[in-house]
Every structure is written in C-alpha cells, then in structure tokens.
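data.tsv follows; it contains TSV, C-alpha atoms.
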chain	number	residue	atom	x	y	z
A	1	SER	CA	263.60	197.28	144.43
A	2	SER	CA	261.13	199.50	142.61
A	3	GLY	CA	262.63	198.36	139.28
A	4	ILE	CA	262.19	194.74	140.19
A	5	ASN	CA	258.55	195.34	141.20
A	6	ALA	CA	257.85	197.14	137.92
A	7	GLU	CA	259.38	194.29	135.92
A	8	TYR	CA	257.40	191.74	137.94
A	9	GLY	CA	254.15	193.68	137.33
A	10	ALA	CA	254.79	193.86	133.61
A	11	ASN	CA	255.45	190.12	133.42
A	12	THR	CA	252.26	189.42	135.37
A	13	THR	CA	250.23	191.63	133.02
A	14	HIS	CA	251.63	189.82	129.96
A	15	LYS	CA	250.82	186.42	131.52
A	16	GLN	CA	247.26	187.48	132.27
A	17	GLU	CA	246.80	188.72	128.70
A	18	ARG	CA	248.11	185.43	127.36
A	19	LEU	CA	245.77	183.47	129.64
A	20	ILE	CA	242.78	185.58	128.54
A	21	ASN	CA	243.61	185.12	124.87
A	22	ARG	CA	244.09	181.39	125.37
A	23	GLY	CA	240.74	181.15	127.18
A	24	GLN	CA	238.98	183.01	124.37
A	25	GLN	CA	240.48	180.63	121.83
A	26	GLN	CA	239.34	177.59	123.85
A	27	ASP	CA	235.82	179.04	124.20
A	28	SER	CA	235.70	179.65	120.46
A	29	LEU	CA	236.94	176.12	119.73
A	30	THR	CA	234.48	174.57	122.21
A	31	SER	CA	231.63	176.58	120.71
A	32	SER	CA	232.48	175.46	117.19
A	33	GLN	CA	232.72	171.81	118.29
A	34	THR	CA	229.39	172.02	120.11
A	35	HIS	CA	227.37	173.54	117.27
A	36	LYS	CA	229.02	171.83	114.26
A	37	PRO	CA	226.86	173.52	111.61
A	38	PRO	CA	228.18	171.44	108.67
A	39	GLN	CA	227.44	168.14	110.47
A	40	ARG	CA	223.93	169.30	111.44
A	41	GLU	CA	223.24	170.12	107.79
A	42	ARG	CA	224.39	166.66	106.68
A	43	THR	CA	222.11	165.01	109.26
A	44	ALA	CA	219.13	167.00	108.01
A	45	LEU	CA	219.85	166.01	104.42
A	46	THR	CA	220.16	162.35	105.37
A	47	SER	CA	216.79	162.34	107.15
A	48	GLN	CA	215.14	163.68	104.01
A	49	LEU	CA	216.43	160.88	101.72
A	50	PRO	CA	213.67	158.82	100.01
A	51	THR	CA	212.70	155.69	101.91
A	52	THR	CA	213.11	153.62	98.74
A	53	GLN	CA	216.89	153.89	99.16
A	54	SER	CA	216.63	151.62	102.20
A	55	ASP	CA	215.22	148.73	100.10
A	56	PRO	CA	218.66	147.31	99.18
A	57	GLN	CA	219.49	147.25	102.88
A	58	LYS	CA	216.24	145.38	103.54
A	59	GLU	CA	217.09	142.86	100.86
A	60	LYS	CA	220.59	142.42	102.26
A	61	GLU	CA	219.20	142.04	105.76
A	62	MET	CA	216.72	139.46	104.51
A	63	SER	CA	219.44	137.40	102.81
A	64	GLU	CA	221.35	137.38	106.09
A	65	ARG	CA	218.48	136.88	108.57
A	66	VAL	CA	216.00	134.68	106.63
A	67	LYS	CA	216.48	130.98	106.07
A	68	ILE	CA	214.30	128.91	103.70
A	69	LEU	CA	214.26	125.19	104.46
A	70	ALA	CA	212.36	122.39	102.75
A	71	GLY	CA	211.50	118.77	103.32
A	72	ASN	CA	210.90	116.14	100.65
A	73	ALA	CA	207.26	117.09	99.92
A	74	HIS	CA	207.88	119.72	97.21
A	75	PRO	CA	211.56	120.73	96.77
A	76	GLU	CA	210.87	122.28	93.34
A	77	LEU	CA	208.44	124.81	94.82
A	78	ALA	CA	210.93	125.64	97.58
A	79	GLN	CA	213.63	126.31	94.98
A	80	GLU	CA	211.33	128.66	93.06
A	81	ILE	CA	210.45	130.58	96.24
A	82	ALA	CA	214.09	130.92	97.28
A	83	LYS	CA	215.05	132.11	93.79
A	84	TYR	CA	212.34	134.77	93.81
A	85	LEU	CA	213.49	136.03	97.22
A	86	GLY	CA	217.13	136.03	96.15
A	87	VAL	CA	218.26	133.77	98.99
A	88	ALA	CA	219.94	130.38	98.95
A	89	LEU	CA	217.90	127.36	100.00
A	90	GLY	CA	219.03	126.25	103.46
A	91	LYS	CA	220.92	123.04	104.06
A	92	ALA	CA	218.85	120.36	105.73
A	93	ASP	CA	219.22	116.59	105.44
A	94	VAL	CA	215.75	115.07	105.67
A	95	GLY	CA	215.32	111.33	105.21
A	96	LYS	CA	214.59	108.10	107.03
A	97	PHE	CA	216.44	105.75	109.32
A	98	SER	CA	216.60	102.08	108.37
A	99	ASN	CA	213.61	101.36	110.62
A	100	GLY	CA	211.43	103.95	108.85
A	101	GLU	CA	211.65	106.77	111.42
A	102	THR	CA	212.05	110.32	110.11
A	103	SER	CA	215.60	111.66	110.23
A	104	VAL	CA	216.35	115.41	110.20
A	105	MET	CA	219.67	117.26	110.50
A	106	ILE	CA	220.03	121.02	109.99
A	107	SER	CA	223.47	121.41	108.40
A	108	GLU	CA	224.10	125.11	109.05
A	109	SER	CA	223.65	127.68	111.79
A	110	ILE	CA	220.15	129.17	112.10
A	111	ARG	CA	220.59	130.82	115.50
A	112	ASP	CA	218.40	133.94	115.88
A	113	MET	CA	217.13	133.62	112.29
A	114	ASP	CA	213.65	133.92	110.82
A	115	VAL	CA	213.09	130.40	109.44
A	116	PHE	CA	210.43	129.38	106.90
A	117	ILE	CA	209.72	125.69	106.26
A	118	ILE	CA	208.24	124.95	102.81
A	119	GLN	CA	206.34	121.70	103.27
A	120	PRO	CA	202.86	120.91	101.91
A	121	THR	CA	201.33	118.01	103.82
A	122	CYS	CA	200.03	116.44	100.63
A	123	ASN	CA	199.93	113.15	98.76
A	124	PRO	CA	201.39	110.75	97.88
A	125	ASN	CA	202.93	110.56	101.39
A	126	VAL	CA	200.70	112.74	103.57
A	127	ASN	CA	201.78	111.27	106.91
A	128	ASP	CA	205.49	111.27	106.05
A	129	ASN	CA	205.30	114.89	104.92
A	130	LEU	CA	203.49	115.90	108.10
A	131	MET	CA	206.02	114.08	110.27
A	132	GLU	CA	208.92	115.72	108.42
A	133	LEU	CA	207.38	119.13	109.10
A	134	LEU	CA	207.00	118.42	112.82
A	135	VAL	CA	210.50	116.97	113.27
A	136	MET	CA	212.07	119.82	111.28
A	137	ALA	CA	210.26	122.35	113.46
A	138	ASP	CA	211.54	120.66	116.61
A	139	ALA	CA	215.12	120.63	115.29
A	140	ILE	CA	214.90	124.30	114.28
A	141	LYS	CA	213.46	125.33	117.65
A	142	ARG	CA	216.27	123.54	119.50
A	143	ALA	CA	218.78	125.30	117.23
A	144	SER	CA	217.65	128.64	118.73
A	145	ALA	CA	215.86	130.09	115.70
A	146	LYS	CA	214.16	133.42	116.35
A	147	ARG	CA	210.86	132.47	114.68
A	148	ILE	CA	209.52	129.45	112.80
A	149	THR	CA	206.90	129.83	110.07
A	150	ALA	CA	205.41	126.78	108.35
A	151	VAL	CA	204.50	127.42	104.71
A	152	ILE	CA	201.93	124.71	103.94
A	153	PRO	CA	200.46	125.40	100.46
A	154	CYS	CA	198.20	122.34	100.72
A	155	PHE	CA	197.02	121.65	104.27
A	156	GLY	CA	196.55	117.91	104.78
A	157	TYR	CA	193.56	116.56	106.75
A	158	ALA	CA	191.68	119.81	106.07
A	159	ARG	CA	188.59	117.88	104.95
A	160	GLN	CA	188.26	116.30	108.39
A	161	ASP	CA	187.22	119.59	109.97
A	162	LYS	CA	184.04	118.57	111.80
A	163	LYS	CA	182.36	115.65	113.49
A	164	ASP	CA	179.75	114.82	110.86
A	165	LYS	CA	179.14	111.26	112.09
A	166	SER	CA	179.09	109.49	115.43
A	167	ARG	CA	182.53	108.56	116.78
A	168	ALA	CA	184.31	110.46	113.97
A	169	PRO	CA	187.52	112.41	114.73
A	170	ILE	CA	188.22	116.06	113.96
A	171	THR	CA	191.67	115.40	112.53
A	172	GLY	CA	192.14	118.95	111.28
A	173	LYS	CA	192.13	120.14	114.90
A	174	LEU	CA	194.54	117.36	115.88
A	175	VAL	CA	197.01	118.43	113.17
A	176	ALA	CA	196.75	122.05	114.34
A	177	ASN	CA	197.63	120.94	117.89
A	178	LEU	CA	200.63	118.96	116.60
A	179	ILE	CA	201.93	121.95	114.63
A	180	GLU	CA	201.71	124.24	117.66
A	181	THR	CA	203.30	121.69	119.99
A	182	ALA	CA	206.23	121.25	117.58
A	183	GLY	CA	207.11	124.91	118.18
A	184	ILE	CA	205.84	126.58	114.99
A	185	ASP	CA	204.99	130.26	115.54
A	186	ARG	CA	203.03	131.04	112.36
A	187	VAL	CA	201.36	129.22	109.44
A	188	ILE	CA	201.03	130.40	105.84
A	189	THR	CA	198.68	128.27	103.75
A	190	MET	CA	196.44	128.58	100.69
A	191	ASP	CA	192.73	128.02	100.07
A	192	LEU	CA	191.87	126.01	103.17
A	193	HIS	CA	189.04	123.57	102.54
A	194	ALA	CA	187.14	125.32	105.36
A	195	SER	CA	188.08	128.76	106.68
A	196	GLN	CA	187.10	127.67	110.19
A	197	ILE	CA	190.34	125.67	110.36
A	198	GLN	CA	192.09	128.96	111.17
A	199	GLY	CA	190.20	128.85	114.46
A	200	PHE	CA	191.79	125.49	115.31
A	201	PHE	CA	195.09	127.33	115.90
A	202	ASN	CA	196.17	129.60	118.74
A	203	ILE	CA	198.91	131.07	116.51
A	204	PRO	CA	198.53	133.41	113.48
A	205	VAL	CA	197.36	131.71	110.27
A	206	ASP	CA	197.56	133.50	106.90
A	207	ASN	CA	195.16	131.85	104.46
A	208	LEU	CA	196.12	133.04	100.97
A	209	TYR	CA	193.76	132.77	98.00
A	210	ALA	CA	194.52	131.59	94.47
A	211	GLU	CA	191.54	133.57	93.14
A	212	PRO	CA	193.60	136.46	91.62
A	213	LEU	CA	195.79	133.96	89.74
A	214	ILE	CA	192.76	132.05	88.49
A	215	VAL	CA	191.00	135.22	87.33
A	216	LYS	CA	194.14	136.32	85.47
A	217	TYR	CA	194.38	132.92	83.73
A	218	ILE	CA	190.72	133.03	82.69
A	219	ARG	CA	191.07	136.49	81.18
A	220	LYS	CA	194.17	135.59	79.21
A	221	SER	CA	193.51	132.01	78.15
A	222	ILE	CA	189.76	131.26	78.01
A	223	PRO	CA	187.74	133.22	75.41
A	224	GLY	CA	183.98	133.50	74.99
A	225	GLU	CA	180.97	134.34	77.14
A	226	LYS	CA	181.45	132.64	80.47
A	227	VAL	CA	179.38	131.34	83.37
A	228	ILE	CA	181.05	130.44	86.68
A	229	VAL	CA	179.80	127.16	88.13
A	230	SER	CA	180.19	126.02	91.73
A	231	PRO	CA	180.23	122.19	91.87
A	232	ASP	CA	178.65	122.21	95.34
A	233	ALA	CA	176.95	124.53	97.80
A	234	GLY	CA	180.11	124.92	99.88
A	235	GLY	CA	181.99	126.60	97.04
A	236	VAL	CA	179.36	129.22	96.17
A	237	LYS	CA	181.22	132.04	97.92
A	238	ARG	CA	184.41	131.31	95.99
A	239	ALA	CA	182.56	131.10	92.68
A	240	LYS	CA	180.65	134.32	93.43
A	241	LEU	CA	183.90	136.25	94.00
A	242	ILE	CA	185.28	135.11	90.65
A	243	SER	CA	182.03	135.77	88.79
A	244	ASP	CA	181.94	139.31	90.19
A	245	LYS	CA	185.51	139.96	89.05
A	246	LEU	CA	184.76	138.68	85.55
A	247	GLY	CA	181.27	140.15	85.28
A	248	ALA	CA	179.94	136.66	84.51
A	249	GLU	CA	176.79	134.84	85.58
A	250	LEU	CA	176.76	132.27	88.37
A	251	ALA	CA	175.40	128.71	88.37
A	252	ILE	CA	175.35	126.09	91.12
A	253	ILE	CA	175.38	122.30	91.05
A	254	HIS	CA	173.68	120.55	93.93
A	255	LYS	CA	175.10	117.08	94.55
A	256	GLU	CA	174.25	114.20	96.83
A	257	ARG	CA	176.83	111.62	97.87
A	258	ARG	CA	176.33	107.97	98.78
A	259	LYS	CA	179.82	107.98	100.36
A	260	ALA	CA	183.05	109.99	100.19
A	261	GLY	CA	184.31	110.31	96.62
A	262	GLU	CA	181.09	108.96	95.03
A	263	VAL	CA	178.30	111.25	93.80
A	264	SER	CA	174.83	109.79	93.35
A	265	GLU	CA	172.91	112.72	91.84
A	266	MET	CA	173.53	116.23	90.47
A	267	ILE	CA	171.08	119.07	89.86
A	268	LEU	CA	172.03	122.26	87.97
A	269	VAL	CA	170.68	125.62	89.15
A	270	GLY	CA	171.30	128.30	86.50
A	271	ASP	CA	171.60	128.74	82.72
A	272	VAL	CA	174.73	127.59	80.87
A	273	ARG	CA	173.37	127.27	77.33
A	274	ASP	CA	175.78	128.51	74.62
A	275	LYS	CA	178.28	129.67	77.27
A	276	VAL	CA	181.70	128.51	78.40
A	277	ALA	CA	181.16	126.87	81.80
A	278	LEU	CA	183.99	127.30	84.31
A	279	LEU	CA	183.92	124.90	87.24
A	280	VAL	CA	185.72	126.43	90.25
A	281	ASP	CA	186.70	124.44	93.33
A	282	ASP	CA	189.42	124.27	96.00
A	283	MET	CA	190.40	120.64	95.47
A	284	ALA	CA	190.30	117.92	92.81
A	285	ASP	CA	190.86	114.47	94.33
A	286	THR	CA	189.51	111.51	92.37
A	287	CYS	CA	187.83	113.95	89.91
A	288	GLY	CA	184.55	112.04	89.92
A	289	THR	CA	182.64	115.24	90.69
A	290	LEU	CA	184.34	117.21	87.90
A	291	ALA	CA	183.83	114.50	85.29
A	292	THR	CA	180.14	114.08	86.16
A	293	ALA	CA	179.61	117.85	86.32
A	294	ALA	CA	181.20	118.29	82.89
A	295	GLU	CA	178.76	115.77	81.39
A	296	LEU	CA	175.83	117.53	83.05
A	297	LEU	CA	176.90	120.98	81.79
A	298	ILE	CA	177.41	119.74	78.23
A	299	SER	CA	173.98	118.07	78.30
A	300	LYS	CA	172.53	121.46	79.36
A	301	GLY	CA	174.01	123.18	76.30
A	302	ALA	CA	177.39	124.54	77.49
A	303	SER	CA	179.68	125.29	74.56
A	304	GLY	CA	182.74	124.22	76.55
A	305	VAL	CA	183.68	123.18	80.07
A	306	TYR	CA	186.84	124.09	81.97
A	307	ALA	CA	187.75	123.27	85.57
A	308	LEU	CA	189.96	125.55	87.67
A	309	VAL	CA	191.08	124.10	90.99
A	310	THR	CA	193.63	125.23	93.59
A	311	HIS	CA	194.87	121.86	94.85
A	312	GLY	CA	195.27	119.04	92.34
A	313	VAL	CA	195.35	115.95	94.56
A	314	LEU	CA	194.57	113.70	91.56
A	315	SER	CA	194.49	110.39	93.41
A	316	GLY	CA	193.23	107.00	92.25
A	317	PRO	CA	191.53	107.04	88.82
A	318	ALA	CA	191.68	110.85	88.52
A	319	ILE	CA	193.90	111.01	85.42
A	320	ASP	CA	191.81	108.48	83.46
A	321	ARG	CA	188.60	110.30	84.41
A	322	ILE	CA	189.99	113.63	83.22
A	323	ASN	CA	191.22	112.21	79.93
A	324	ASN	CA	187.86	110.54	79.27
A	325	SER	CA	185.71	113.45	80.44
A	326	GLY	CA	184.21	116.36	78.54
A	327	LEU	CA	186.59	118.83	80.18
A	328	ALA	CA	188.60	120.93	77.77
A	329	GLU	CA	191.18	121.73	80.48
A	330	LEU	CA	191.82	121.12	84.16
A	331	VAL	CA	193.78	124.09	85.52
A	332	ILE	CA	195.51	123.57	88.88
A	333	THR	CA	198.24	125.28	90.88
A	334	ASN	CA	201.58	123.73	91.82
A	335	SER	CA	200.70	123.57	95.52
A	336	ILE	CA	201.15	119.80	95.09
A	337	PRO	CA	203.85	118.26	92.84
A	338	HIS	CA	202.29	116.63	89.78
A	339	ALA	CA	204.95	116.52	87.06
A	340	GLU	CA	204.49	112.79	86.39
A	341	LYS	CA	200.71	113.14	86.15
A	342	ALA	CA	200.99	116.09	83.78
A	343	ASP	CA	202.90	113.88	81.34
A	344	LYS	CA	199.97	111.45	81.31
A	345	CYS	CA	197.25	114.09	80.94
A	346	PRO	CA	197.47	116.68	78.13
A	347	LYS	CA	194.41	118.47	79.56
A	348	LEU	CA	196.31	119.39	82.73
A	349	LYS	CA	197.52	123.02	82.94
A	350	THR	CA	199.51	124.55	85.81
A	351	ILE	CA	199.51	127.98	87.49
A	352	SER	CA	202.56	128.72	89.64
A	353	ILE	CA	201.97	130.07	93.15
A	354	SER	CA	205.67	130.46	93.99
A	355	HIS	CA	205.68	134.26	93.55
A	356	MET	CA	202.62	134.71	95.76
A	357	LEU	CA	204.09	132.56	98.53
A	358	ALA	CA	207.49	134.26	98.23
A	359	GLU	CA	205.91	137.70	98.49
A	360	ALA	CA	203.94	136.56	101.55
A	361	ILE	CA	207.20	135.38	103.12
A	362	ARG	CA	208.97	138.66	102.35
A	363	ARG	CA	206.15	140.74	103.81
A	364	THR	CA	205.86	138.53	106.87
A	365	HIS	CA	209.56	138.94	107.61
A	366	HIS	CA	209.43	142.73	107.24
A	367	GLY	CA	206.18	143.04	109.21
A	368	GLU	CA	204.21	144.32	106.21
A	369	SER	CA	200.58	143.66	105.29
A	370	ILE	CA	199.90	140.79	102.90
A	371	SER	CA	196.23	141.57	102.27
A	372	SER	CA	197.05	143.22	98.94
A	373	LEU	CA	198.12	139.80	97.64
A	374	PHE	CA	194.44	138.87	97.54
A	375	THR	CA	193.52	141.74	95.22
A	376	ASP	CA	193.08	141.15	91.52
A	377	HIS	CA	195.76	142.92	89.47
A	378	LYS	CA	194.47	143.35	85.96
So, in terms of structure tokens, how does the structure I just supplied come out?
Amino acid sequence: SSGINAEYGANTTHKQERLINRGQQQDSLTSSQTHKPPQRERTALTSQLPTTQSDPQKEKEMSERVKILAGNAHPELAQEIAKYLGVALGKADVGKFSNGETSVMISESIRDMDVFIIQPTCNPNVNDNLMELLVMADAIKRASAKRITAVIPCFGYARQDKKDKSRAPITGKLVANLIETAGIDRVITMDLHASQIQGFFNIPVDNLYAEPLIVKYIRKSIPGEKVIVSPDAGGVKRAKLISDKLGAELAIIHKERRKAGEVSEMILVGDVRDKVALLVDDMADTCGTLATAAELLISKGASGVYALVTHGVLSGPAIDRINNSGLAELVITNSIPHAEKADKCPKLKTISISHMLAEAIRRTHHGESISSLFTDHK
C-alpha cells in the first residue's frame, strides 16, 4: 500500500511539472503573439512612406470612379479632357427622335460614380445643347450616380443677367433654375459674362479664368511694347489684371450702343501711340466692337492691334469683319467649336483650355483646391 501511494505521488508530481511547463510555453507563445515586434516595426515603416506613393492609387481610383460624358455640343473638347485625365470617354447616345425631341441613353453603368458632363451651351444650337445637358443630367440622376457636375465652358444666356428694360426676362437666372432642377450638383464654367451669375445658383459654381493662358500667349507670341485695352467699362477689371501681370499700361474704350450688337460711338481713354494695343474681352459675337475698336486704335497711332477673347461666338458677319478689319490676330479659346470658321479666317488663333478644365475636374473629384489654376505660371 505504501509503495502504491509513493508511485501515485511521483506520477502526480510529474504531471504537475508537465502542466506547469506547458502553461509557461503557452504564456510565452501568447505574449509573443500579442506583442509581435516585427509586425509593429513594419506598420511604423509603412506610416512613414512618402504621400506621393499614393498618387498611382488615386489615379487608379479616378479611372474606376470617374465618368466623363459628353453631348453633341463639343465632343472634341471632351475627348481632349478625357485623354488628359487618362480615362475613357463614357458611352452615351445623344440624339433626336423623329419629332425633334432630345433622346438620351446612357449605355454603361454609372451607379455610385462621380459623373462630369462636358457640354457648353453655345452656338450654333444653344437651345439644343442646353436641352441635351438637362436631359443627360436627369438620366444620370435616375441611374444612381453619386454626384453630377456640369462642365459648361461657355455658359449660354449669360448676357441676359439683369432686367435692363421693362418687361425683360432674366434668362440667366432661369437657366440656373433649370440646371438645379435637373439634378446637377455642381457647375464648372469659365469667364462668366457677369460674376453675379454665380449667385443665381444654390449649388457650388467654379468660375475659372482664361487670364493665365492669355498672359502666357502674349508673352510668347506678341513682341513689342504693349498697352492693354478694355473695349468697354465692364471689362476694365479683367484688363487691369492682365496689364498688372505684364507690367503694361491700361487704356479704356467707352462705347455707346443704339441696340444690341451695334455700336454708335467710341471714345478712347489712354495713350496707345507707337505701342501694340491688345484688346481683351470675354466674348466676341458679331465682332462689330472689335473691328471698330481696331480702327480707332490704329487712328490713334497704335503700331499693331491684337484681340484676345475667351469665348469666340463668331456669329453672323463676324468672320468677314475680322478679315476686313485692322486686327493682326484674333486669339480665342476652344470653349466653343470653331474649326470651320478657322479655315475661313487666317487671323484666327486658338488657345486650348482642355488641360485647365481637366485639372479642375481632377481636383474637384479628389476634394482639392482649384484656386491655384488661376495663378499665372511663368
């Protein structure tokens, strides 16, 4: 009996020792799994990586989450923007039914995507272009897009921004209401005819400026001592900004109109003698003002006259007036398509705004500031 008890006690002691050793091993293993020094070091190293290494991921995310769509207003500009961003232009069939109504069909999924519609509401079919924009926005909204941004390089009806006569409409405000009602969340445009139009909207409006592109063109392509000329009182602020950037003098032309598109009298305020006069404006429509201003500046002794305008509407007799005027060049942006008119007018020169619009789109998608786009890069 005593031998059995001794053997039982020895076995119990060995079992306890084994249990203690096993418990120590488990504690050691648990401790090593809890602390994981090598993994903690890797995490610290990863957090210290340069932020620039995340740019490829941003670009990949943008190609997957951004969709660029375009109507029939300016497909060439939309292609340039999409190429700059490195994304494919979205598939949308935009046309007309046999009775003339606008037909839109989005041909791919845009659910939960950040959608940008490239559609200037410009001539020659202002109303059709506007209607395409509105119908596309409605189709995109009903397709469950995350956000809709209208990129309108040339904002139609912008000149009807106030009630200047009895019983006159404020069509700019009406168009703003239509855009909001269609479901558009944000507007990107360029050189609005009047900055107050931004106040017509209850959604964010980014009004870009072509001024840096114009200043760059002047420095590279127009030699000689220069004077910046505003063709009317409303454009003095724009002309002053450019003259300050170039270190040039400023002149102003005061004009009186009998009716829209027809100038009755012009008076020059400033000295242009023996200088290259640069007319700066936001829009060139029938070009009657530019042609008359060029004659006035030459008669006052200007050695040359150039016109630099953001939106080249060029309607009616505009091309003939430019060709027969004293202008050496008319420089416009491609906010409005004008390939056919450029073939008829050798004085017409074009500045592309596709990179500026594309960069605004990229920064809008990533939630970055776009104010630096307005600065002049020498």
| task | Neighbourhood query: residues within 12 Å of (184.5, 138.4, 90.5), file coordinates, counting all atoms listed in the file; return as a ChimeraX atom specification. | result | /A:211-212,214-216,218-219,226-228,236-250,375-376
Dump as a PDB file, keeping the file's coordinate frame, selection limited to C-alpha atoms:
ATOM      1  CA  GLU A 211     191.540 133.570  93.140  1.00  0.00           C
ATOM      2  CA  PRO A 212     193.600 136.460  91.620  1.00  0.00           C
ATOM      3  CA  ILE A 214     192.760 132.050  88.490  1.00  0.00           C
ATOM      4  CA  VAL A 215     191.000 135.220  87.330  1.00  0.00           C
ATOM      5  CA  LYS A 216     194.140 136.320  85.470  1.00  0.00           C
ATOM      6  CA  ILE A 218     190.720 133.030  82.690  1.00  0.00           C
ATOM      7  CA  ARG A 219     191.070 136.490  81.180  1.00  0.00           C
ATOM      8  CA  LYS A 226     181.450 132.640  80.470  1.00  0.00           C
ATOM      9  CA  VAL A 227     179.380 131.340  83.370  1.00  0.00           C
ATOM     10  CA  ILE A 228     181.050 130.440  86.680  1.00  0.00           C
ATOM     11  CA  VAL A 236     179.360 129.220  96.170  1.00  0.00           C
ATOM     12  CA  LYS A 237     181.220 132.040  97.920  1.00  0.00           C
ATOM     13  CA  ARG A 238     184.410 131.310  95.990  1.00  0.00           C
ATOM     14  CA  ALA A 239     182.560 131.100  92.680  1.00  0.00           C
ATOM     15  CA  LYS A 240     180.650 134.320  93.430  1.00  0.00           C
ATOM     16  CA  LEU A 241     183.900 136.250  94.000  1.00  0.00           C
ATOM     17  CA  ILE A 242     185.280 135.110  90.650  1.00  0.00           C
ATOM     18  CA  SER A 243     182.030 135.770  88.790  1.00  0.00           C
ATOM     19  CA  ASP A 244     181.940 139.310  90.190  1.00  0.00           C
ATOM     20  CA  LYS A 245     185.510 139.960  89.050  1.00  0.00           C
ATOM     21  CA  LEU A 246     184.760 138.680  85.550  1.00  0.00           C
ATOM     22  CA  GLY A 247     181.270 140.150  85.280  1.00  0.00           C
ATOM     23  CA  ALA A 248     179.940 136.660  84.510  1.00  0.00           C
ATOM     24  CA  GLU A 249     176.790 134.840  85.580  1.00  0.00           C
ATOM     25  CA  LEU A 250     176.760 132.270  88.370  1.00  0.00           C
ATOM     26  CA  THR A 375     193.520 141.740  95.220  1.00  0.00           C
ATOM     27  CA  ASP A 376     193.080 141.150  91.520  1.00  0.00           C
TER      28      ASP A 376
END
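Among the candidates A:Gly235, A:Gly90, A:Gly183, A:Pro169, the one nearest to Ile106 in chain A when counting only C-alpha atoms is A:Gly90.
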Could you put an axis-aligned box around every listed atom of range 239-244 of chain A, padded by 5 Å on each side, and send me its centre and edge lengths in Å to one decimal, as AutoDock Vina command-line options?
--center_x 183.0 --center_y 135.2 --center_z 91.4 --size_x 14.6 --size_y 18.2 --size_z 15.2
| request: Would you mind reading off the distance between CA of Arg186 in chain A and CA of Lys146 in chain A, one decimal, in Å? | output: 12.1 Å
| note | Correct to one decimal, the distance CA of Met105 in chain A-CA of Ser354 in chain A is 25.4 Å
| task | Name the residues in contact with Gly304 in chain A at a cut-off of 8 Å, using all atoms listed in the file, excluding same-chain residues fewer than 6 positions from it; report them as a ChimeraX atom specification. | result | /A:275-277,298,327-328
Could you take the residues named above and write them with C-alpha atoms, as a short mmCIF file (atom, residue, chain, number, x, y, z; two decimals), in the frame of the given file?
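again03.cif was written with the following content:
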data_model
loop_
_atom_site.label_atom_id
_atom_site.label_comp_id
_atom_site.auth_asym_id
_atom_site.auth_seq_id
_atom_site.Cartn_x
_atom_site.Cartn_y
_atom_site.Cartn_z
CA LYS A 275 178.28 129.67 77.27
CA VAL A 276 181.70 128.51 78.40
CA ALA A 277 181.16 126.87 81.80
CA ILE A 298 177.41 119.74 78.23
CA LEU A 327 186.59 118.83 80.18
CA ALA A 328 188.60 120.93 77.77
#
| request: Work out how far apart CA of Met131 in chain A and CA of Asn202 in chain A are and give it in Å to one decimal. | output: 20.2 Å
| field | Selected residue, from A:Ala302, A:Ala137, A:Ala284, A:Leu296, that lies nearest to Ile332 in chain A when counting all atoms listed in the file | value | A:Ala284
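The closest residue to Thr289 in chain A, picked from A:Pro120, A:Pro346, A:Gly312, A:Pro231 and counting all atoms listed in the file, is A:Pro231.
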